Amino acid sequence: MGKKILLKNDHIPGIQSYDVYRQHGGYASVEKALKTMTPEVIVEEVKKSGLRGRGGAGFPTGLKWSFLAKPEGVARYLVCNADESEPGTFKDRYLMERIPHLLIEGMIASSFALGAKTSYIYIRGEYFYVARILEQAIEEAYAKGWLGKNILGSGFDFDLHVHVGAGAYICGEETALLESLEGKRGNPRIKPPFPAIAGLYACPTIVNNVETIAAVVPIINDGGDAYAQIGIGKSTGTKLISASGHINKPGVYEIEMGITVEDFIYSDEYCGGIKGGRKLKAVVAGGSSVPILPAELILKTAAGEPRLMSYESLADGGFATGTMLGSGGFIVMDESTSIVKNLWNFSRFYHHESCGQCSPCREGTGWMEKILHRILEGHGKMSDVDLLWDIQGKIEGKTICPLGDAAAWPVASAIRHFRKEFEDYVQKPSSIKDVKHYYRLHEAGTAS
Amino acid sequence: MSATKEIKFSDESLALAEKLMKRYPEGKHKSAIIPILHIAQAEFDGWLSPQVMNYVASILKIQPIEVYEVASFYSMFNLKPVGKCLIEVCRTSSCWLLGAEDVISHIEKKLNIKVGETTADGMFSLKGVECLGSCGTAPMMQVGADYYENLTLDKVDNLIHRFKSEGKRKSYTDQAESKSV
Ligand SMILES: Cc1cc2nc3c(=O)[nH]c(=O)nc-3n(C[C@H](O)[C@H](O)[C@H](O)COP(=O)(O)O)c2cc1C
Ligand code: SF4
Ligand code: FES
């Protein structure tokens, strides 16, 4: 069995409730932090742990925390990013639904470390029922004295609130999230200033993903060094992977970083292999935004080394032959999948979700969607493939927020690795209707 | 929907709106706009009419345009009337890979409407939505507060039958029933 830290108790009946959570060691990190540690010491431990942001970018959390401005008399905020809208990602929902108190515990300890007296959990509106679970847990935590005034007699006052969104992928981008939390449209802000200087209500703010904040709990309990012992190289600790697509056992898995991709896909402990014993065609390893890789490159690097589930190994080879760990949204596609149609699906998504502030993103995502649609309808031209390539290149790096890049990378990588499939669609339009495109529901039957 | 219905929150909703506004610092109560719009949508027939948005503006003591701006940005807010049950089928990546298109076309046929339309009796509307964070249990759909996962066409039929016989409006703010079917 792999190493579990965050989900080590998720099988315990009733772990959702305060009493059971507490009986299994819950809130120990808050006790330890408030009674025996200073905020500075906690930040040091987080630095030592090597923890990297689990929302997608993988930025070192301790370093990010150390950037937080601390002007006298100005409020500071910690905002938890529970927007979780990156296609293929569902681990935060799992964590919040199963072990809501773990996030709350992490929020208290982290807010203490950052000097935040009020913090918010911004959760996507569709997760309304999860917001209710969190609110109930927060009520319990208030009732037991873990939230509110003078927590554990330490003099630390702290309030925690849940804030629901209303459907907008872009609100996962941290500055769009802050705009939304201020009651506005979710348009990303131009940086700098970064949130650590001027974030929520123009006050210094840290935005962290749900899983990042949950990981602070074991880091405080066991120490940063112990956390850094887990994993491989600069990919310390465990990672929650959301596994979906054509696999036998979809679900959320906590893995120790460094296991092989092959083991993750084929072993019974994790994905359990490809549905129906079919062949693996491609994987999107870190949510829809990261480059897609064909089977041979996801299982082995270009140099022939086994590919590992870690930030570095997945990125090995750069975008020419590698990808990114991203949010850990691991989407597996079998041989029946149409890469062109899958790409159209992604492009439609980004076009739909573009906030429209920058023209390369607003117009480019629409053009890419249209061209892909034209190819799928059998009206593609050979020059369309180059046109797609050209457009994605003119979006990447030229926008206010990284949604533009996120829209460009899937297009670039699909063309890079599967160009022939695009060309076949253009040259033999009649063949398109014979392509299966996806796993049909009636064929899926009840097979698990 | 009666045209004469006065636009005013129930006492309970008003109290909740007041409570929500207090979650934000002094003078920053505009932050509560999205949570309050959710309450309004649930209370006033599942959509936000200009009158409803004006009412929300009055509660928040902000200009109506500030409410329109926000309401029109977010996909969960309906600016036109919708059926009592808004069926939202995820059409993105993993759900698509596992048959979301089949689910959508099945519902279209069964209800005799297209995506974006409402049945003549006002009971159902159908919408295609983007990844709802339930990709491991694809294909899936959301109706009100509830996620219905690992869909098969039979499951969809049973659900539609049940919703129809219950005849109730479903809102995001409802207490979720069981998530499984
Ligand atoms: C378009 C876009 C969508 C994003 N969506 C999410 C999200 O749903 N959840 C999340 O935690 N981070 C998301 N991020 C990353 C956040 O901007 C931010 O980096 C993250 O919340 C920081 O937390 P971390 O350091 O703990 O990862 C998104 C970024 C972009 C550009
Ligand atoms: S890149 Fe796209 S989503 Fe981001 S700010 Fe520009 S238009 Fe909006
Ligand atoms: S792809 Fe449908 S829920 Fe994520």
# chains A, B, ... in the order shown; residues from 1 in each chain; ligands from 1
>>> residues_around(residues="range 295-299 of chain A", least_positions_apart="5", cutoff="7 Å", atoms="only C-alpha atoms", output="list in words")
Val261, Glu262, Leu280, Lys281, Ala282, Val283, Pro306, Arg307 and Thr321 of chain A
>>> residues_near_ligand(ligand="ligand 2", cutoff="8 Å", atoms="only C-alpha atoms and all ligand atoms", output="mmCIF file with C-alpha atoms, in the first residue's frame")
data_model
loop_
_atom_site.group_PDB
_atom_site.id
_atom_site.type_symbol
_atom_site.label_atom_id
_atom_site.label_comp_id
_atom_site.auth_asym_id
_atom_site.auth_seq_id
_atom_site.Cartn_x
_atom_site.Cartn_y
_atom_site.Cartn_z
ATOM 1 C CA ILE A 170 -12.004 31.483 -14.636
ATOM 2 C CA ASN A 187 -12.145 39.128 -14.567
ATOM 3 C CA PRO A 188 -8.496 38.354 -13.739
ATOM 4 C CA ARG A 189 -6.435 41.305 -12.565
ATOM 5 C CA GLU A 353 -14.831 29.993 -20.249
ATOM 6 C CA SER A 354 -12.708 32.839 -21.601
ATOM 7 C CA CYS A 355 -13.624 35.968 -19.653
ATOM 8 C CA GLY A 356 -13.171 38.005 -22.819
ATOM 9 C CA GLN A 357 -10.794 40.663 -21.501
ATOM 10 C CA CYS A 358 -7.910 39.960 -23.889
ATOM 11 C CA SER A 359 -8.440 39.624 -27.614
ATOM 12 C CA PRO A 360 -5.963 36.773 -28.256
ATOM 13 C CA CYS A 361 -7.835 34.602 -25.765
ATOM 14 C CA ARG A 362 -11.366 35.781 -26.537
ATOM 15 C CA LYS A 398 0.178 37.029 -24.684
ATOM 16 C CA THR A 399 -2.696 37.281 -22.267
ATOM 17 C CA ILE A 400 -3.503 38.736 -18.858
ATOM 18 C CA CYS A 401 -3.950 35.390 -17.185
ATOM 19 C CA PRO A 402 -2.797 31.842 -17.916
ATOM 20 C CA LEU A 403 -6.166 30.723 -19.287
ATOM 21 C CA GLY A 404 -4.801 31.710 -22.673
ATOM 22 C CA ASP A 405 -1.879 29.302 -22.263
#
>>> closest_atom_pairs(of="chain A", to="chain B", cutoff="6 Å", atoms="only C-alpha atoms", output="CSV")
residue,atom,partner,partner_atom,distance
A:Pro87,CA,B:Cys131,CA,5.2
A:Gly88,CA,B:Cys135,CA,5.7
A:Thr89,CA,B:Gly133,CA,5.8
A:Phe90,CA,B:Gly133,CA,4.5
A:Tyr129,CA,B:Ala176,CA,6.0
A:Ala166,CA,B:Met76,CA,5.2
A:Gly167,CA,B:Ser75,CA,5.0
A:Ala168,CA,B:Tyr74,CA,5.7
A:Leu181,CA,B:Ser31,CA,5.7
A:Glu182,CA,B:Ser31,CA,4.4
A:Gly183,CA,B:Ser31,CA,4.0
A:Lys184,CA,B:Val70,CA,5.8
A:Arg185,CA,B:Val70,CA,5.1
A:Ser244,CA,B:Gly136,CA,4.7
A:Gly245,CA,B:Ser94,CA,5.1
A:Pro250,CA,B:Gly136,CA,4.9
A:Gly251,CA,B:Gly136,CA,5.0
A:Tyr438,CA,B:Leu97,CA,5.0
A:Tyr439,CA,B:Leu98,CA,5.3
A:Arg440,CA,B:Gly99,CA,5.2
A:Leu441,CA,B:Gly99,CA,4.9
>>> write_last_selection(atoms="N, CA and C atoms", output="JSON list (two decimals), in the first residue's frame")
[["chain", "number", "residue", "atom", "x", "y", "z"],
["A", 87, "PRO", "N", -11.13, 20.78, -15.92],
["A", 87, "PRO", "CA", -11.69, 19.49, -16.34],
["A", 87, "PRO", "C", -10.78, 18.31, -15.99],
["A", 88, "GLY", "N", -11.38, 17.31, -15.40],
["A", 88, "GLY", "CA", -10.64, 16.12, -14.99],
["A", 88, "GLY", "C", -10.25, 16.14, -13.52],
["A", 89, "THR", "N", -10.59, 17.19, -12.80],
["A", 89, "THR", "CA", -10.14, 17.34, -11.41],
["A", 89, "THR", "C", -11.33, 17.27, -10.45],
["A", 90, "PHE", "N", -11.25, 16.37, -9.48],
["A", 90, "PHE", "CA", -12.35, 16.26, -8.51],
["A", 90, "PHE", "C", -11.86, 15.86, -7.13],
["A", 129, "TYR", "N", -23.86, 21.51, -2.19],
["A", 129, "TYR", "CA", -24.05, 20.55, -1.10],
["A", 129, "TYR", "C", -22.77, 20.37, -0.29],
["A", 166, "ALA", "N", -20.63, 30.83, -8.61],
["A", 166, "ALA", "CA", -21.85, 30.61, -9.38],
["A", 166, "ALA", "C", -21.58, 30.12, -10.80],
["A", 167, "GLY", "N", -20.50, 29.34, -10.96],
["A", 167, "GLY", "CA", -20.27, 28.76, -12.27],
["A", 167, "GLY", "C", -19.41, 29.65, -13.15],
["A", 168, "ALA", "N", -18.11, 29.47, -13.10],
["A", 168, "ALA", "CA", -17.18, 30.19, -13.96],
["A", 168, "ALA", "C", -15.80, 29.60, -13.69],
["A", 181, "LEU", "N", -14.96, 37.21, -5.24],
["A", 181, "LEU", "CA", -15.22, 37.27, -3.79],
["A", 181, "LEU", "C", -15.57, 38.69, -3.35],
["A", 182, "GLU", "N", -15.12, 39.67, -4.09],
["A", 182, "GLU", "CA", -15.49, 41.06, -3.78],
["A", 182, "GLU", "C", -16.85, 41.42, -4.35],
["A", 183, "GLY", "N", -17.49, 40.45, -5.02],
["A", 183, "GLY", "CA", -18.84, 40.71, -5.52],
["A", 183, "GLY", "C", -18.87, 41.27, -6.93],
["A", 184, "LYS", "N", -17.83, 40.93, -7.70],
["A", 184, "LYS", "CA", -17.76, 41.45, -9.07],
["A", 184, "LYS", "C", -17.71, 40.31, -10.09],
["A", 185, "ARG", "N", -17.65, 40.70, -11.37],
["A", 185, "ARG", "CA", -17.43, 39.70, -12.41],
["A", 185, "ARG", "C", -16.05, 39.10, -12.21],
["A", 244, "SER", "N", -9.65, 9.52, -14.16],
["A", 244, "SER", "CA", -10.92, 9.33, -14.86],
["A", 244, "SER", "C", -10.67, 8.92, -16.30],
["A", 245, "GLY", "N", -11.73, 8.66, -17.00],
["A", 245, "GLY", "CA", -11.64, 8.25, -18.39],
["A", 245, "GLY", "C", -11.78, 6.73, -18.52],
["A", 250, "PRO", "N", -11.85, 4.34, -11.81],
["A", 250, "PRO", "CA", -11.71, 5.79, -11.65],
["A", 250, "PRO", "C", -11.88, 6.18, -10.19],
["A", 251, "GLY", "N", -11.33, 7.30, -9.81],
["A", 251, "GLY", "CA", -11.49, 7.76, -8.43],
["A", 251, "GLY", "C", -10.35, 8.66, -8.00],
["A", 438, "TYR", "N", -15.83, 8.22, -29.18],
["A", 438, "TYR", "CA", -15.80, 7.99, -27.73],
["A", 438, "TYR", "C", -16.49, 6.67, -27.43],
["A", 439, "TYR", "N", -16.42, 6.27, -26.21],
["A", 439, "TYR", "CA", -16.98, 5.04, -25.70],
["A", 439, "TYR", "C", -18.49, 5.21, -25.60],
["A", 440, "ARG", "N", -19.25, 4.46, -26.38],
["A", 440, "ARG", "CA", -20.69, 4.70, -26.37],
["A", 440, "ARG", "C", -21.34, 4.09, -25.14],
["A", 441, "LEU", "N", -22.30, 4.82, -24.64],
["A", 441, "LEU", "CA", -22.90, 4.43, -23.36],
["A", 441, "LEU", "C", -23.54, 3.06, -23.39]]
>>> residues_near_ligand(ligand="ligand 1", cutoff="6 Å", atoms="only C-alpha atoms and all ligand atoms", output="CSV table (one decimal) with N, CA, C and O atoms, in the first residue's frame")
chain,number,residue,atom,x,y,z
A,53,GLY,N,2.4,24.2,-4.3
A,53,GLY,CA,0.9,24.4,-4.4
A,53,GLY,C,0.3,23.4,-5.3
A,53,GLY,O,0.7,23.0,-6.3
A,54,ARG,N,-0.9,22.8,-4.7
A,54,ARG,CA,-1.5,21.7,-5.4
A,54,ARG,C,-2.6,22.2,-6.3
A,54,ARG,O,-3.4,21.4,-6.9
A,55,GLY,N,-2.8,23.5,-6.6
A,55,GLY,CA,-3.8,24.0,-7.4
A,55,GLY,C,-3.5,23.8,-8.9
A,55,GLY,O,-4.4,23.9,-9.7
A,56,GLY,N,-2.2,23.7,-9.2
A,56,GLY,CA,-1.9,23.5,-10.6
A,56,GLY,C,-0.5,24.0,-11.0
A,56,GLY,O,0.3,23.4,-11.7
A,57,ALA,N,-0.1,25.1,-10.4
A,57,ALA,CA,1.2,25.7,-10.8
A,57,ALA,C,2.4,25.1,-10.1
A,57,ALA,O,3.5,25.2,-10.5
A,58,GLY,N,2.2,24.5,-8.9
A,58,GLY,CA,3.2,23.9,-8.2
A,58,GLY,C,4.3,24.9,-7.6
A,58,GLY,O,5.4,24.5,-7.3
A,59,PHE,N,3.8,26.1,-7.3
A,59,PHE,CA,4.7,27.1,-6.7
A,59,PHE,C,5.0,26.7,-5.2
A,59,PHE,O,4.0,26.4,-4.5
A,61,THR,N,5.0,26.6,-1.5
A,61,THR,CA,4.0,27.2,-0.6
A,61,THR,C,4.7,28.1,0.4
A,61,THR,O,4.3,29.2,0.7
A,81,ASN,N,-8.8,28.3,-2.3
A,81,ASN,CA,-9.3,28.1,-3.6
A,81,ASN,C,-10.0,26.7,-3.7
A,81,ASN,O,-9.3,25.7,-3.9
A,82,ALA,N,-11.3,26.7,-3.6
A,82,ALA,CA,-12.0,25.5,-3.7
A,82,ALA,C,-12.9,25.6,-4.9
A,82,ALA,O,-14.1,25.1,-5.0
A,83,ASP,N,-12.4,26.3,-6.0
A,83,ASP,CA,-13.2,26.5,-7.2
A,83,ASP,C,-13.2,25.2,-8.1
A,83,ASP,O,-14.1,25.0,-8.8
A,84,GLU,N,-12.1,24.5,-7.9
A,84,GLU,CA,-12.0,23.2,-8.7
A,84,GLU,C,-12.8,23.1,-9.9
A,84,GLU,O,-13.9,22.4,-9.9
A,85,SER,N,-12.4,23.7,-11.0
A,85,SER,CA,-13.1,23.6,-12.2
A,85,SER,C,-12.3,23.1,-13.4
A,85,SER,O,-12.8,23.0,-14.5
A,86,GLU,N,-11.1,22.8,-13.1
A,86,GLU,CA,-10.2,22.3,-14.2
A,86,GLU,C,-10.7,20.9,-14.7
A,86,GLU,O,-10.7,20.0,-13.8
A,170,ILE,N,-13.0,30.5,-14.8
A,170,ILE,CA,-12.0,31.5,-14.6
A,170,ILE,C,-11.9,31.9,-13.2
A,170,ILE,O,-10.8,32.4,-12.8
A,172,GLY,N,-11.3,30.2,-10.8
A,172,GLY,CA,-10.2,29.4,-10.2
A,172,GLY,C,-8.9,30.2,-10.2
A,172,GLY,O,-8.0,29.9,-9.4
A,173,GLU,N,-8.8,31.1,-11.2
A,173,GLU,CA,-7.5,31.9,-11.3
A,173,GLU,C,-7.6,32.8,-10.2
A,173,GLU,O,-8.6,33.5,-9.9
A,174,GLU,N,-6.5,32.9,-9.4
A,174,GLU,CA,-6.6,33.5,-8.1
A,174,GLU,C,-7.0,35.0,-8.1
A,174,GLU,O,-7.8,35.4,-7.2
A,207,VAL,N,-3.6,33.1,-1.6
A,207,VAL,CA,-4.6,32.1,-2.1
A,207,VAL,C,-4.0,30.8,-2.2
A,207,VAL,O,-2.9,30.7,-2.8
A,208,ASN,N,-4.6,29.8,-1.6
A,208,ASN,CA,-4.0,28.4,-1.7
A,208,ASN,C,-5.2,27.4,-2.0
A,208,ASN,O,-6.3,27.6,-1.5
A,209,ASN,N,-4.8,26.4,-2.7
A,209,ASN,CA,-5.7,25.3,-3.0
A,209,ASN,C,-6.1,24.5,-1.8
A,209,ASN,O,-5.3,24.5,-0.8
A,212,THR,N,-3.4,21.9,-0.7
A,212,THR,CA,-2.3,22.6,-0.2
A,212,THR,C,-2.5,22.9,1.3
A,212,THR,O,-1.6,22.6,2.2
A,401,CYS,N,-4.0,36.5,-18.1
A,401,CYS,CA,-3.9,35.4,-17.2
A,401,CYS,C,-3.6,34.1,-17.9
A,401,CYS,O,-3.7,34.1,-19.2
A,402,PRO,N,-3.2,33.1,-17.2
A,402,PRO,CA,-2.8,31.8,-17.9
A,402,PRO,C,-3.9,31.0,-18.6
A,402,PRO,O,-3.6,30.0,-19.1
A,403,LEU,N,-5.2,31.5,-18.6
A,403,LEU,CA,-6.2,30.7,-19.3
A,403,LEU,C,-5.8,30.7,-20.8
A,403,LEU,O,-6.1,29.7,-21.4
>>> atom_distance(atom1="CA of Glu31 in chain A", atom2="CA of Val210 in chain A")
20.7 Å
>>> select_by_dssp(residues="range 88-270 of chain A", states="strand (DSSP E)", output="PyMOL selection string")
chain A and resi 118-123+159-164+205-209+231-232+235-236+238-245+251-256
>>> write_last_selection(atoms="N, CA, C and O atoms", output="compact mmCIF listing (two decimals), in the first residue's frame")
# COMPACT_ATOMS: atom_id res chain seq x y z
N THR A 118 -9.49 36.73 9.51
CA THR A 118 -10.70 36.26 8.84
C THR A 118 -10.23 35.58 7.57
O THR A 118 -9.34 36.10 6.89
N SER A 119 -10.80 34.42 7.26
CA SER A 119 -10.44 33.76 6.01
C SER A 119 -11.69 33.22 5.35
O SER A 119 -12.72 33.04 6.00
N TYR A 120 -11.56 32.99 4.06
CA TYR A 120 -12.71 32.52 3.29
C TYR A 120 -12.34 31.27 2.51
O TYR A 120 -11.21 31.13 2.04
N ILE A 121 -13.32 30.39 2.38
CA ILE A 121 -13.19 29.26 1.47
C ILE A 121 -14.09 29.57 0.29
O ILE A 121 -15.31 29.62 0.45
N TYR A 122 -13.50 29.85 -0.86
CA TYR A 122 -14.29 30.14 -2.06
C TYR A 122 -14.53 28.83 -2.79
O TYR A 122 -13.62 28.23 -3.34
N ILE A 123 -15.78 28.39 -2.78
CA ILE A 123 -16.10 27.09 -3.36
C ILE A 123 -17.02 27.27 -4.56
O ILE A 123 -17.91 28.14 -4.55
N ASP A 159 -12.03 34.02 12.39
CA ASP A 159 -13.32 33.64 11.80
C ASP A 159 -13.12 33.04 10.43
O ASP A 159 -12.28 33.52 9.65
N LEU A 160 -13.91 32.02 10.14
CA LEU A 160 -13.80 31.32 8.85
C LEU A 160 -15.18 31.25 8.21
O LEU A 160 -16.16 30.90 8.86
N HIS A 161 -15.23 31.62 6.93
CA HIS A 161 -16.50 31.60 6.21
C HIS A 161 -16.38 30.85 4.89
O HIS A 161 -15.33 30.88 4.25
N VAL A 162 -17.51 30.28 4.49
CA VAL A 162 -17.59 29.66 3.17
C VAL A 162 -18.26 30.66 2.24
O VAL A 162 -19.21 31.34 2.64
N HIS A 163 -17.76 30.77 1.03
CA HIS A 163 -18.34 31.68 0.04
C HIS A 163 -18.60 30.88 -1.23
O HIS A 163 -17.65 30.32 -1.81
N VAL A 164 -19.83 30.83 -1.69
CA VAL A 164 -20.11 30.05 -2.91
C VAL A 164 -20.01 30.93 -4.15
O VAL A 164 -20.44 32.08 -4.15
N THR A 205 -2.88 39.14 0.73
CA THR A 205 -3.71 37.93 0.70
C THR A 205 -2.93 36.76 0.12
O THR A 205 -2.17 36.92 -0.84
N ILE A 206 -3.11 35.61 0.73
CA ILE A 206 -2.57 34.37 0.16
C ILE A 206 -3.75 33.54 -0.34
O ILE A 206 -4.73 33.36 0.38
N VAL A 207 -3.64 33.06 -1.57
CA VAL A 207 -4.64 32.14 -2.10
C VAL A 207 -3.98 30.78 -2.22
O VAL A 207 -2.91 30.66 -2.82
N ASN A 208 -4.58 29.78 -1.61
CA ASN A 208 -4.05 28.42 -1.70
C ASN A 208 -5.17 27.44 -1.99
O ASN A 208 -6.30 27.60 -1.55
N ASN A 209 -4.77 26.39 -2.69
CA ASN A 209 -5.68 25.31 -3.02
C ASN A 209 -6.07 24.50 -1.77
O ASN A 209 -5.32 24.45 -0.78
N GLY A 231 8.07 11.18 -0.92
CA GLY A 231 8.12 11.65 -2.29
C GLY A 231 9.50 11.51 -2.89
O GLY A 231 10.32 10.72 -2.42
N ILE A 232 9.75 12.31 -3.93
CA ILE A 232 11.00 12.17 -4.65
C ILE A 232 11.52 13.54 -5.06
O ILE A 232 10.77 14.36 -5.61
N SER A 235 9.70 16.95 -5.57
CA SER A 235 8.27 16.61 -5.49
C SER A 235 8.06 15.90 -4.16
O SER A 235 8.03 14.67 -4.09
N THR A 236 7.96 16.69 -3.10
CA THR A 236 7.85 16.07 -1.79
C THR A 236 6.39 15.77 -1.47
O THR A 236 5.48 16.38 -2.02
N THR A 238 2.78 13.68 -0.67
CA THR A 238 1.85 12.89 -1.46
C THR A 238 1.05 13.84 -2.34
O THR A 238 1.04 15.04 -2.12
N LYS A 239 0.38 13.28 -3.31
CA LYS A 239 -0.47 14.09 -4.18
C LYS A 239 -1.79 13.34 -4.39
O LYS A 239 -1.79 12.12 -4.57
N LEU A 240 -2.86 14.10 -4.36
CA LEU A 240 -4.15 13.51 -4.69
C LEU A 240 -4.31 13.54 -6.20
O LEU A 240 -4.19 14.60 -6.81
N ILE A 241 -4.55 12.39 -6.77
CA ILE A 241 -4.75 12.31 -8.21
C ILE A 241 -6.22 11.96 -8.48
O ILE A 241 -6.76 11.03 -7.88
N SER A 242 -6.83 12.73 -9.35
CA SER A 242 -8.20 12.43 -9.78
C SER A 242 -8.06 11.62 -11.07
O SER A 242 -7.60 12.16 -12.07
N ALA A 243 -8.42 10.37 -11.02
CA ALA A 243 -8.24 9.51 -12.20
C ALA A 243 -9.59 9.27 -12.85
O ALA A 243 -10.55 8.87 -12.19
N SER A 244 -9.65 9.52 -14.16
CA SER A 244 -10.92 9.33 -14.86
C SER A 244 -10.67 8.92 -16.30
O SER A 244 -9.53 8.84 -16.75
N GLY A 245 -11.73 8.66 -17.00
CA GLY A 245 -11.64 8.25 -18.39
C GLY A 245 -11.78 6.73 -18.52
O GLY A 245 -12.47 6.10 -17.73
N GLY A 251 -11.33 7.30 -9.81
CA GLY A 251 -11.49 7.76 -8.43
C GLY A 251 -10.35 8.66 -8.00
O GLY A 251 -9.49 9.01 -8.80
N VAL A 252 -10.37 9.02 -6.72
CA VAL A 252 -9.31 9.87 -6.17
C VAL A 252 -8.32 8.98 -5.44
O VAL A 252 -8.70 8.17 -4.59
N TYR A 253 -7.06 9.09 -5.80
CA TYR A 253 -6.01 8.29 -5.17
C TYR A 253 -4.96 9.20 -4.57
O TYR A 253 -4.50 10.14 -5.22
N GLU A 254 -4.58 8.90 -3.35
CA GLU A 254 -3.43 9.60 -2.78
C GLU A 254 -2.21 8.77 -3.10
O GLU A 254 -2.13 7.59 -2.72
N ILE A 255 -1.27 9.37 -3.80
CA ILE A 255 -0.06 8.63 -4.15
C ILE A 255 1.15 9.29 -3.51
O ILE A 255 1.16 10.50 -3.28
N GLU A 256 2.14 8.49 -3.24
CA GLU A 256 3.42 9.09 -2.88
C GLU A 256 4.09 9.49 -4.17
O GLU A 256 4.15 8.70 -5.13
>>> residues_around(residues="Lys110 in chain B", least_positions_apart="2", cutoff="12 Å", atoms="only C-alpha atoms", output="PyMOL selection string")
chain B and resi 102-108+112-114+119+124+126+153-154+156-158+160-161
>>> atom_distance(atom1="CA of Gly378 in chain A", atom2="CA of Lys394 in chain A")
25.6 Å
>>> select_by_dssp(residues="range 257-421 of chain A", states="alpha helix (DSSP H)", output="VMD selection string")
chain A and resid 261 to 266 295 to 299 311 to 315 318 to 321 339 to 353 359 to 376 382 to 395 403 to 421
